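Student: Sending over coords_39.cif (mmCIF, C-alpha atoms).
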```
data_model
#
loop_
_atom_site.label_atom_id
_atom_site.label_comp_id
_atom_site.auth_asym_id
_atom_site.auth_seq_id
_atom_site.Cartn_x
_atom_site.Cartn_y
_atom_site.Cartn_z
CA MET A 1 16.51 27.59 -1.22
CA THR A 2 17.94 26.17 1.99
CA ALA A 3 21.38 27.72 1.55
CA LEU A 4 20.04 31.15 0.65
CA SER A 5 17.48 31.11 3.47
CA TRP A 6 20.15 30.00 5.94
CA VAL A 7 22.33 32.99 5.04
CA ILE A 8 19.37 35.35 5.31
CA ALA A 9 18.22 33.84 8.63
CA TRP A 10 21.59 34.53 10.23
CA SER A 11 22.02 37.97 8.71
CA GLU A 12 20.42 41.29 9.56
CA ALA A 13 18.39 41.55 6.39
CA GLY A 14 15.34 43.09 8.03
CA VAL A 15 12.04 41.74 6.80
CA PHE A 16 13.77 39.00 4.78
CA THR A 17 15.32 37.62 7.96
CA GLU A 18 12.01 37.78 9.80
CA TYR A 19 10.35 35.59 7.17
CA SER A 20 13.24 33.22 6.45
CA PHE A 21 11.96 30.30 8.55
CA LEU A 22 9.31 29.12 6.09
CA PRO A 23 11.52 29.03 2.95
CA LEU A 24 14.37 27.55 5.00
CA TRP A 25 12.25 24.59 6.04
CA LEU A 26 10.56 24.22 2.69
CA GLY A 27 14.07 23.94 1.29
CA TYR A 28 14.93 21.33 3.89
CA ILE A 29 11.82 19.28 3.02
CA LEU A 30 12.63 19.40 -0.69
CA THR A 31 16.27 18.57 -0.05
CA ILE A 32 15.49 15.51 2.10
CA ASN A 33 12.97 14.23 -0.43
CA GLY A 34 15.43 14.93 -3.26
CA ILE A 35 18.18 12.95 -1.52
CA SER A 36 15.77 10.08 -0.88
CA GLN A 37 14.56 10.07 -4.48
CA THR A 38 18.08 10.24 -5.91
CA VAL A 39 19.63 7.56 -3.71
CA TYR A 40 16.72 5.16 -3.19
CA ARG A 41 14.44 6.02 -6.14
CA THR A 42 11.62 6.79 -3.73
CA SER A 43 10.63 9.56 -1.33
CA LEU A 44 7.69 10.44 0.85
CA LEU A 45 6.77 13.27 -1.51
CA SER A 46 6.78 11.08 -4.62
CA VAL A 47 4.82 8.28 -2.92
CA MET A 48 2.16 10.56 -1.44
CA GLY A 49 1.88 13.00 -4.35
CA TRP A 50 -0.58 15.81 -3.73
CA HIS A 51 -1.71 14.11 -0.52
CA PHE A 52 1.62 15.27 0.91
CA LEU A 53 0.07 18.73 1.28
CA VAL A 54 -2.30 17.53 3.98
CA LEU A 55 0.71 17.07 6.25
CA PHE A 56 1.22 20.83 6.26
CA GLY A 57 -2.36 21.37 7.36
CA ALA A 58 -2.16 18.66 10.04
CA SER A 59 0.99 20.22 11.45
CA ILE A 60 -0.57 23.55 12.41
CA PRO A 61 -3.09 22.39 15.06
CA MET A 62 -0.60 19.85 16.40
CA TRP A 63 2.01 22.46 17.22
CA TRP A 64 -0.56 24.96 18.54
CA PHE A 65 -1.51 22.19 20.98
CA PHE A 66 2.08 22.12 22.23
CA GLU A 67 2.06 25.92 22.44
CA SER A 68 -1.00 25.73 24.69
CA VAL A 69 0.67 23.13 26.91
CA ASN A 70 3.74 25.35 27.08
CA GLN A 71 1.56 27.97 28.75
CA LEU A 72 1.60 25.63 31.74
CA VAL A 73 5.28 24.66 31.82
CA GLN A 74 6.82 27.80 30.27
CA ASN A 75 9.72 25.79 28.82
CA TRP A 76 10.29 28.03 25.80
CA GLU A 77 9.55 31.53 24.62
CA TYR A 78 10.00 33.42 21.37
CA LYS A 79 12.23 36.43 20.89
CA LEU A 80 10.94 38.82 18.22
CA PRO A 81 12.87 41.69 16.62
CA HIS A 82 9.98 44.06 17.30
CA PRO A 83 6.39 43.95 18.61
CA ILE A 84 3.74 42.62 16.23
CA SER A 85 -0.03 42.34 16.46
CA GLU A 86 -1.68 39.18 17.74
CA MET A 87 -3.15 38.44 14.30
CA HIS A 88 0.27 38.89 12.69
CA TYR A 89 1.80 36.55 15.25
CA VAL A 90 -0.83 33.85 14.73
CA LEU A 91 -0.56 33.94 10.94
CA GLN A 92 3.23 33.97 10.83
CA ALA A 93 3.54 31.31 13.52
CA SER A 94 0.98 29.06 11.84
CA SER A 95 2.78 29.22 8.50
CA ASN A 96 6.01 28.23 10.26
CA PHE A 97 4.35 25.47 12.29
CA ALA A 98 3.02 23.95 9.06
CA THR A 99 6.48 22.64 8.16
CA VAL A 100 6.95 20.44 11.26
CA ILE A 101 5.20 17.21 10.22
CA PRO A 102 6.38 17.25 6.57
CA ALA A 103 9.97 17.79 7.71
CA VAL A 104 9.91 15.06 10.36
CA LEU A 105 8.13 12.44 8.26
CA SER A 106 10.23 13.14 5.16
CA THR A 107 13.38 12.60 7.22
CA ALA A 108 11.96 9.49 8.89
CA TYR A 109 11.09 8.08 5.46
CA LEU A 110 14.67 8.61 4.29
CA VAL A 111 16.04 6.93 7.42
CA TYR A 112 13.58 4.07 6.85
CA GLN A 113 15.21 3.43 3.47
CA ILE A 114 18.67 3.42 5.06
CA PHE A 115 17.83 0.91 7.81
CA PRO A 116 17.90 -2.71 6.58
CA ASN A 117 14.55 -4.39 7.20
CA ARG A 118 15.97 -7.73 8.33
CA SER A 119 17.77 -6.14 11.30
CA PHE A 120 14.69 -4.60 12.89
CA HIS A 121 12.38 -7.48 13.71
CA GLY A 122 11.87 -8.45 17.32
CA PRO A 123 9.35 -9.68 19.87
CA ARG A 124 5.76 -8.81 19.11
CA TRP A 125 4.12 -6.47 21.60
CA LYS A 126 1.02 -7.84 23.27
CA VAL A 127 -1.51 -5.04 23.25
CA ARG A 128 -4.27 -5.71 25.76
CA THR A 129 -7.33 -3.66 26.59
CA GLN A 130 -6.23 -3.11 30.17
CA TYR A 131 -2.89 -1.77 28.97
CA LEU A 132 -4.63 0.74 26.72
CA GLN A 133 -6.93 1.81 29.53
CA MET A 134 -3.94 2.22 31.82
CA ALA A 135 -2.15 4.32 29.21
CA VAL A 136 -5.11 6.70 28.91
CA ALA A 137 -5.34 6.96 32.70
CA VAL A 138 -1.62 7.73 32.98
CA GLY A 139 -1.98 10.26 30.17
CA PHE A 140 -4.79 12.00 32.03
CA LEU A 141 -2.74 12.07 35.24
CA SER A 142 0.23 13.39 33.26
CA PHE A 143 -1.74 16.39 31.99
CA LEU A 144 -3.03 16.95 35.51
CA GLY A 145 0.56 16.86 36.76
CA LEU A 146 1.59 19.42 34.15
CA ARG A 147 -1.04 21.77 35.53
CA VAL A 148 -0.36 21.17 39.23
CA PHE A 149 3.42 20.57 39.25
CA PRO A 150 4.71 22.07 35.96
CA HIS A 151 8.34 22.38 37.08
CA GLU A 152 8.55 18.74 38.11
CA THR A 153 6.53 17.11 35.33
CA PHE A 154 7.58 19.15 32.25
CA PRO A 155 9.10 16.13 30.37
CA LEU A 156 5.57 14.71 30.18
CA VAL A 157 4.76 17.37 27.57
CA TRP A 158 6.26 15.02 24.97
CA ILE A 159 4.92 11.76 26.43
CA ALA A 160 1.36 12.48 27.57
CA PRO A 161 -0.05 13.03 24.03
CA ILE A 162 1.22 9.59 22.95
CA LEU A 163 -0.68 7.96 25.81
CA PHE A 164 -3.92 9.32 24.35
CA LEU A 165 -3.26 9.17 20.61
CA GLU A 166 -1.89 5.63 20.42
CA PRO A 167 -4.74 3.90 22.29
CA LEU A 168 -7.27 5.97 20.33
CA ALA A 169 -5.72 4.99 17.00
CA TYR A 170 -5.29 1.34 17.95
CA VAL A 171 -8.82 0.83 19.26
CA SER A 172 -10.26 2.63 16.23
CA GLY A 173 -8.36 0.33 13.88
CA LEU A 174 -6.30 3.22 12.53
CA PRO A 175 -2.60 3.05 11.66
CA SER A 176 -0.59 3.36 14.85
CA MET A 177 2.84 2.62 16.23
CA LEU A 178 1.33 0.07 18.61
CA ARG A 179 -0.08 -1.86 15.65
CA VAL A 180 3.36 -1.88 14.02
CA LEU A 181 5.05 -3.06 17.22
CA SER A 182 2.41 -5.75 17.69
CA GLU A 183 3.72 -7.17 14.40
CA GLY A 184 7.29 -7.20 15.71
CA ASN A 185 8.41 -4.44 13.33
CA TYR A 186 10.94 -2.12 14.99
CA ARG A 187 12.21 -0.57 11.79
CA LEU A 188 9.47 2.05 11.60
CA PRO A 189 9.65 3.28 15.23
CA CYS A 190 13.46 3.41 15.07
CA SER A 191 13.28 5.38 11.82
CA VAL A 192 10.78 7.85 13.25
CA MET A 193 12.80 8.37 16.43
CA SER A 194 16.10 8.78 14.56
CA GLY A 195 14.60 10.99 11.87
CA THR A 196 12.97 13.29 14.41
CA LEU A 197 16.20 13.68 16.37
CA PHE A 198 18.09 14.48 13.17
CA THR A 199 15.47 17.06 12.21
CA GLY A 200 15.57 18.50 15.72
CA ILE A 201 19.30 19.13 15.51
CA TRP A 202 18.73 21.24 12.40
CA TRP A 203 15.90 23.11 14.13
CA GLU A 204 18.18 24.02 17.00
CA LEU A 205 21.15 24.85 14.76
CA TRP A 206 19.26 27.21 12.47
CA ASN A 207 17.50 28.79 15.42
CA TYR A 208 20.75 29.73 17.19
CA TYR A 209 21.63 32.93 15.29
CA SER A 210 18.16 33.66 13.91
CA LEU A 211 15.74 36.38 14.89
CA PRO A 212 12.87 35.67 15.54
CA LYS A 213 14.09 32.73 17.60
CA TRP A 214 13.13 30.67 20.61
CA VAL A 215 14.97 30.22 23.88
CA TYR A 216 14.50 27.60 26.58
CA HIS A 217 13.81 27.83 30.31
CA ILE A 218 14.06 24.23 31.48
CA PRO A 219 14.28 23.61 35.23
CA TYR A 220 16.90 21.31 36.73
CA VAL A 221 18.46 20.21 33.41
CA GLY A 222 19.15 23.54 31.71
CA PHE A 223 22.91 22.92 31.48
CA TRP A 224 25.36 21.96 28.71
CA LYS A 225 23.55 23.68 25.91
CA VAL A 226 23.99 22.53 22.34
CA PHE A 227 22.84 25.65 20.51
CA GLU A 228 19.91 26.95 22.61
CA MET A 229 18.76 23.48 23.72
CA PRO A 230 20.21 21.85 26.89
CA ILE A 231 21.73 18.55 25.87
CA LEU A 232 19.23 16.44 27.83
CA GLY A 233 16.42 18.27 26.06
CA TYR A 234 17.25 16.40 22.86
CA LEU A 235 15.89 13.26 24.53
CA GLY A 236 12.41 14.67 23.97
CA TYR A 237 12.71 14.59 20.19
CA PRO A 238 12.33 10.80 19.72
CA PHE A 239 9.12 10.83 21.79
CA PHE A 240 7.89 13.83 19.85
CA GLY A 241 8.41 11.77 16.71
CA PHE A 242 5.78 9.27 17.88
CA VAL A 243 3.28 12.09 18.33
CA VAL A 244 4.06 13.38 14.84
CA PHE A 245 3.67 9.95 13.26
CA THR A 246 0.44 8.97 15.01
CA TRP A 247 -1.25 12.33 14.55
CA GLY A 248 -0.18 12.44 10.91
CA ALA A 249 -1.41 8.86 10.42
CA ILE A 250 -4.82 9.68 11.90
CA VAL A 251 -5.26 12.77 9.72
CA LEU A 252 -4.13 10.93 6.59
CA TRP A 253 -6.52 8.04 7.22
CA VAL A 254 -9.46 10.34 7.94
CA CYS A 255 -8.81 12.47 4.84
CA PHE A 256 -7.85 9.81 2.29
CA GLY A 257 -8.24 6.38 3.89
CA GLN A 258 -4.48 5.84 3.50
CA SER A 259 -2.23 4.09 6.00
CA LEU A 260 0.94 6.01 6.78
CA ALA A 261 2.58 2.77 7.90
CA ASP A 262 1.83 1.23 4.50
CA ILE A 263 3.25 4.29 2.75
CA PHE A 264 6.53 3.79 4.59
CA ASP A 265 6.46 0.06 3.94
CA ALA A 266 5.39 0.43 0.30
CA THR A 267 3.39 -2.78 0.76
CA PRO A 268 -0.30 -1.87 0.72
CA ARG A 269 -2.54 -4.01 2.85
CA PRO A 270 -6.31 -4.27 2.45
CA LYS A 271 -8.11 -1.56 4.33
CA HIS A 272 -11.73 -1.37 5.34
CA ARG A 273 -13.77 1.71 6.00
CA SER A 274 -14.90 0.15 9.24
CA GLY A 275 -11.41 0.94 10.47
CA GLU A 276 -10.15 -2.64 10.80
CA PHE A 277 -7.16 -4.02 8.95
CA ALA A 278 -7.21 -7.44 7.37
CA GLU A 279 -4.82 -9.85 9.01
#
```
In structure tokens, how does this file's structure come out?

Tutor:
Amino acid sequence: MTALSWVIAWSEAGVFTEYSFLPLWLGYILTINGISQTVYRTSLLSVMGWHFLVLFGASIPMWWFFESVNQLVQNWEYKLPHPISEMHYVLQASSNFATVIPAVLSTAYLVYQIFPNRSFHGPRWKVRTQYLQMAVAVGFLSFLGLRVFPHETFPLVWIAPILFLEPLAYVSGLPSMLRVLSEGNYRLPCSVMSGTLFTGIWWELWNYYSLPKWVYHIPYVGFWKVFEMPILGYLGYPFFGFVVFTWGAIVLWVCFGQSLADIFDATPRPKHRSGEFAE
């Protein structure tokens, strides 16, 4: 599916090219899970089962959020082969956006199997109430900065959401990256960051000769492009990975009471509907 969709995406096959993004990324998701299952006898898809489908649904509002923020910073725009109606655009874009979280988390899960657990333990983070309050305040100021000084603050697009989501998840007792780091576990954050960057490279590669496609308008650092993305723009992918993980973890917990961190770790811990984990 991936190989055929790749050929179609870079060809001039009319309507087939226009709708190649979804099968291309479905193929990627299946391929990554297939590699993980074959090599390590486990994959995110096999562990989650039908619950895996909720990741597609969670992905759509997450990326529409970034599209709304992009209205402020104007860092990317889409090139279409011909005009389409607003309804057509929303439906086609939403179906494409649905693949983001499954692709990122499937890749992160594979990377998690590759990284040896014993090499990724370190100092435990001390998470204090004042730190969480400060993070939320900085997040609020970051969004304000994006509105007032969009050309100077555009990197905060990928950081500001974390400053809201992580404190919210931690205080609510939900799975979060802060909770993992407070246990001295660096394997999961490193896997998410690496997996998201790897996925991002494929996004940019497949986008390069495709149509529809996106192009970037990034002030100050729009040089040395690797595909359409300026090389420094790839630094945003690891931070984006934290947003993907935490948002996906919140949705999964709300829908099924499952911890995404436990799914990666394959070591279930007791969970309580009150939202607090047992020590």

Student: Check the smallest atom-to-atom distance from each of A:Ala108, A:Val127, A:Ala93, A:Leu30 to A:Leu80 using all atoms listed in the file, then report the winner.

Tutor: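 The answer is A:Ala93, which sits nearest to A:Leu80.
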
Student: What are the nearest atom pairs, with distances in Å to one decimal, for all residues of stretch 76-176 of chain A that come at most 12 Å from stretch 19-26 of chain A, using only C-alpha atoms, set out by chain and rising residue number as a tab-separated table?

Tutor:
```
residue	atom	partner	partner_atom	distance
A:Leu80	CA	A:Tyr19	CA	11.5
A:Pro81	CA	A:Tyr19	CA	11.5
A:His88	CA	A:Tyr19	CA	12.0
A:Tyr89	CA	A:Tyr19	CA	11.8
A:Leu91	CA	A:Tyr19	CA	11.7
A:Gln92	CA	A:Tyr19	CA	8.2
A:Ala93	CA	A:Leu22	CA	9.7
A:Ser94	CA	A:Leu22	CA	10.1
A:Ser95	CA	A:Leu22	CA	7.0
A:Asn96	CA	A:Leu22	CA	5.4
A:Phe97	CA	A:Leu22	CA	8.7
A:Ala98	CA	A:Leu22	CA	8.7
A:Thr99	CA	A:Trp25	CA	6.4
A:Val100	CA	A:Trp25	CA	8.5
A:Ile101	CA	A:Trp25	CA	11.0
A:Pro102	CA	A:Leu26	CA	9.0
A:Ala103	CA	A:Trp25	CA	7.4
A:Val104	CA	A:Trp25	CA	10.7
A:Ser106	CA	A:Leu26	CA	11.4
```

Student: Take the selection from the previous step and output its residues with C-alpha atoms, as an mmCIF file, in the coordinates of the input.

Tutor:
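Listing of result32.cif after writing:
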```cif
data_model
loop_
_atom_site.group_PDB
_atom_site.id
_atom_site.type_symbol
_atom_site.label_atom_id
_atom_site.label_comp_id
_atom_site.auth_asym_id
_atom_site.auth_seq_id
_atom_site.Cartn_x
_atom_site.Cartn_y
_atom_site.Cartn_z
ATOM 1 C CA LEU A 80 10.940 38.820 18.220
ATOM 2 C CA PRO A 81 12.870 41.690 16.620
ATOM 3 C CA HIS A 88 0.270 38.890 12.690
ATOM 4 C CA TYR A 89 1.800 36.550 15.250
ATOM 5 C CA LEU A 91 -0.560 33.940 10.940
ATOM 6 C CA GLN A 92 3.230 33.970 10.830
ATOM 7 C CA ALA A 93 3.540 31.310 13.520
ATOM 8 C CA SER A 94 0.980 29.060 11.840
ATOM 9 C CA SER A 95 2.780 29.220 8.500
ATOM 10 C CA ASN A 96 6.010 28.230 10.260
ATOM 11 C CA PHE A 97 4.350 25.470 12.290
ATOM 12 C CA ALA A 98 3.020 23.950 9.060
ATOM 13 C CA THR A 99 6.480 22.640 8.160
ATOM 14 C CA VAL A 100 6.950 20.440 11.260
ATOM 15 C CA ILE A 101 5.200 17.210 10.220
ATOM 16 C CA PRO A 102 6.380 17.250 6.570
ATOM 17 C CA ALA A 103 9.970 17.790 7.710
ATOM 18 C CA VAL A 104 9.910 15.060 10.360
ATOM 19 C CA SER A 106 10.230 13.140 5.160
#
```

Student: Could you tell me which of A:Met193, A:Leu181, A:Val73, A:Met62 comes closest to A:Trp125 if we count only C-alpha atoms?

Tutor: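 Ranked by minimum distance to A:Trp125, first place goes to A:Leu181.
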
Student: Would you mind listing what lies within 7 Å of stretch 149-160 of chain A as a list in words, with all atoms listed in the file counted and same-chain residues fewer than 6 positions away left out?

Tutor: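 Result of the neighbour search: Leu72, Val73, Gly139, Ser142, Phe143, Pro219, Gly236, Phe239 and Phe240 of chain A.
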
Student: Restricting the calculation to all atoms listed in the file: of A:Ser210, A:Gln113, A:Thr246, A:Ser194, which residue gets closest to A:Leu168?

Tutor: A:Thr246

Student: Rounded to one decimal, what separation in Å do you get between atom CA of A:Phe115 and atom CA of A:Ala266?

Tutor: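 Answer for the atom CA of A:Phe115 to atom CA of A:Ala266 separation: 14.5 Å.
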